[in-house]
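> The structure's right below; bear with me while I get my questions together.
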Amino acid sequence: MDLHQILSGIDVRADWIGLRYVKENTGFRLVRDGKPEANTRESKQGVMVEVLVNGQFAYYGTSRLDKPGIQAAAQRAVKLATAASKFSLHSFGVEARPVAMGSYSSPFQTAADAFSPGELSDLLIKATAELKVSDKVVTTNAMARTVETESHFVASNGSDVEQKYLMVSADYSAIAHEGSVTQKRTDGGLLAKSYQAGMEVFNEADVLARCRKIGAESVELLTAEECPTGTMDLILAPDQMMLQIHESVGHALEIDRILGDERNYAGWSFVRLDDFGKLQYGSPLMNITFDPYVEGQFASYAYDDGGLKAEKEFLIKDGLLLRGLGGMESQLRSGINGVANFRASSWNRAPIDRMANLNLEPGNSTQDEMIASVEKGVFMTSNRSWSIDDYRNKFQFGCEYGKLIENGKLTKTVKNPNYRAISNPFWRSLKMLGNKDTFEVYGTPFCGKGEPNQIIRVGHASPLCLFDGVEVFGGA
Amino acid sequence: MEKLFKQINQTIMAELRDGEFLGLGMGGEQSTFTRINAAKVRQIGSVDEADLGFNLILNGRRTTGSISLSGDLDEDLSRARGELERLRAEVVQLPEDPYLVLPESKETSRSEKHGNLPDAEAIPEILLPAMGNVDLTGIWASGRVYQGNANSAGGYHWFASDSFSLDYSLITPSEKMVKATYAGTEWDQTAYEAFLADSITKLELISLPPKKIEPGDYRTYIASAGVSDILSMFSWGGVSEAAIRQSESCLGKMRNENVKLSSLFSFSEDFSSGFAPRFNGNGEVAPEKTTLITGGELTNTLVSTRTAKEYGVESNFASEGESMRAPSMSAGSLKESDVLELLGTGVYLSNLHYLNWSDMIGGRITGMTRYACFWVEDGKIVAPIENMRFDDSIYSFLGENLEAVTEKLQINPDVGTYEGRELSAIVCPGILLKSFSLTL
């Protein structure tokens, strides 16, 4: 479809009008215990028409893609904007939608169609066989998710941005059971291995080796001791730091939350507008970046859905809060410096402030140095439980697999490792930060927020982290 | 849209080849959303969308897919034919599925509920002036939601419903909040303004200076809205027969170790309220009511026909994911007016937030208190509390620590919109607990 032609033919009175076409094909394959559970593809396409009238934006999302359909959508959006402009929270000008011209294509080595449905199914069947390392493994799952997205954004101010993505997520899991004990192990947490990549992710030798390890660890957990209860040192692997960064930094720094937009749903934030430039968020080791250009990271892009060019920015430097997660609308409303993170989950939702790639930069310590420094503590890896309050303060997270650290050495495996803390004191207790060798990149397709609700993809990368004096505990 | 669905169904089914079985499902909505912050319009817009789902079976193999529909018959038939060809090319490459379910249901049903909804452009004017100077943040959603299902055996179902909801939080200058949802099918301006005014009066109670309570075990009352959050956890590693069989359910202990919950706790899948359609993605119609936990004992689970085939049990035509579509907990005998007196000294929780299994197999849930939650002494509300984290097991707080259940059932509409506007509601009472563990 020729968006430029459609845009030029739209006859409405608006200060700005934008069209965002999105087509997304999501393939999902799941094999359980060697048998196919799901082989599906969801194909969605539509156009989001946005207009600015009397300082008020309004939208109309339509799956009707012809010229009359989009013209009608624009007319309805203008009526909504006009009606709402008497009650606007903020009167925006055209500067809320900067002129954007460019393109982006995500990196990949092997195209999505290089693997036939049959070949991918065969690999997943083999994966479940490898996961079943013993009769104690009672359930095995192997899943593959591929997403191909094309977006094209044009606007009356001359904006013209095309972005294309190929994204791949995979997970392999084993549930082991013996007596009254049940334990599950996944490949770093549910779909944590989510990347902008191609089918090279499904290298058979790598996949099967990982599956054998996952299966073995699920069985190992059956006879492991319960995670101890007490206040002690805590080392978190990067696959758990993904969740830690996401919940206790990312959401807390979203400017639309700080401005109160989410108070009826996801919640507010303990961070206030006057904290920027002043709040010591964490220890001096803590450097958090918004980085849309990490090769292969799940939420890389060149422009956000408001047309703002994406650049790498430090949000927290040496532990000090500097910048928020807010696109142009939030920046204009708050006067706080933000980033290009005004994103919509698809064509049928309006953009809001979202995380994208939000990373903890690596430090200088080796893994051995970090473990050697701990007299008594727990090492935890792979998220399995998450909950945090509406101000992003009081959190409780659980992991799949833990190891005791005693007198500077990793000793026994422990099951059901959990910890709880409050965001600011927790980040201030960051006392050692792993170096580049410990730095790992993850992502998730499942970040929920917004009214109406939106699920969007985000990426998080982190080194190994050591926190001082954290409350840890085991299972029921 | 039903006409479009019928036309596509008729055409595509006529083009099936020998040996092919097909299920078609349509889902869509014409919705207007108004996002409100500080009693002003933050965002406003409408969405008009429809999807068509396919479930193709050939020679013991199965593949599924879905496409967006444009609303134009010729265009949509072209898209549907393209999708069918893609599925045909794929299905022959897939391994055999021993548990696949042929679309065999010949049942038909039709439900269309017309409401009286305000025009989209009128929404700001009818909603906002009544809010006055109160700090209100929330979401308005209104319009038509529809679902259709048809299969190559001749089964056909259609469900369409007009509705509106205003889900909102009222916020005091000291950041205490009251939550409410005004929802229905017939817009009544006077009733809306009265409902809103009533919720504004509740701000007085939470305007008292908050009390910080220490972690510990407390006598606790959880109001219906909070209970609905707990019950929704049973859709995730809970009442699914497949989840129990695959060791991924909190109810495994009830099945395998004969553990019981309190005799006061009874829980069903109950479609009698009519919020959600009874047909599933295969066009199978679930019983109007399926008891799941009766007097604390696990009596049934949700069983899809696929699960039934795999484990040799009887299907009750649950959805393929075996999640709850019409959860309903039975009432007890505790009068609302006696709640505070019976609670005595403890905490009154109106809402919960961000629940997750902290130990699914052990039945332990963690989450937060939220909104109007109070410290109660000797049967009187003393002060709102600062939000607390809880971490406790259903085998404790729905077991020996469940002291009483209120006699009044409340309808808690699902205002979720992730995959589109939800149609369901959770019907449940409030619960009084001898002890509930607050941890942080």
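By convention in this document, the chains of the structure tokens carry letters A, B, ... by their order, each chain's residues are numbered from 1, and ligands are numbered from 1 in the order they are shown.
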Report as a PyMOL selection string the set of chain B residues whose atoms approach chain A to within 6 Å, with distances computed over only C-alpha atoms.
chain B and resi 37+40-42+44-49+63-68+70+93-94+97+121+124+137-138+168-169+246+354+358-359+362+368+417-418
> Mind checking which residues fall within 9 Å of B:Gly28, counting only C-alpha atoms, ignoring those fewer than 2 positions away in the same chain, and posting them as a list in words?
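My reading of the contact set: Met1, Met26, Gln30, Asp48, Glu49, Ala50, Asp51, Leu52, Arg144, Val145, Tyr146, Gln147, Gly420 and Arg421 of chain B.
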> Pick out each residue of stretch 102-315 of chain B that DSSP on the backbone tags as helix (DSSP H, G or I); I need them as a ChimeraX atom specification.
/B:120-127,129-131,189-201,203-206,224-235,241-245,252-256,271-273,305-311
> Which one is closest to B:Leu349: B:Gly367, B:Pro413, B:Gly281, B:Gly226? Count only C-alpha atoms.
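Result for the nearest residue to B:Leu349: B:Gly226.
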> Would you list the contacts of B:Glu214 as a list in words, taking every protein, DNA or RNA residue within 10 Å and counting only C-alpha atoms, but skipping same-chain residues closer than 6 positions in sequence?
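Listed by chain and then number, they are Met388, Leu438, Thr439 and Leu440 of chain B.
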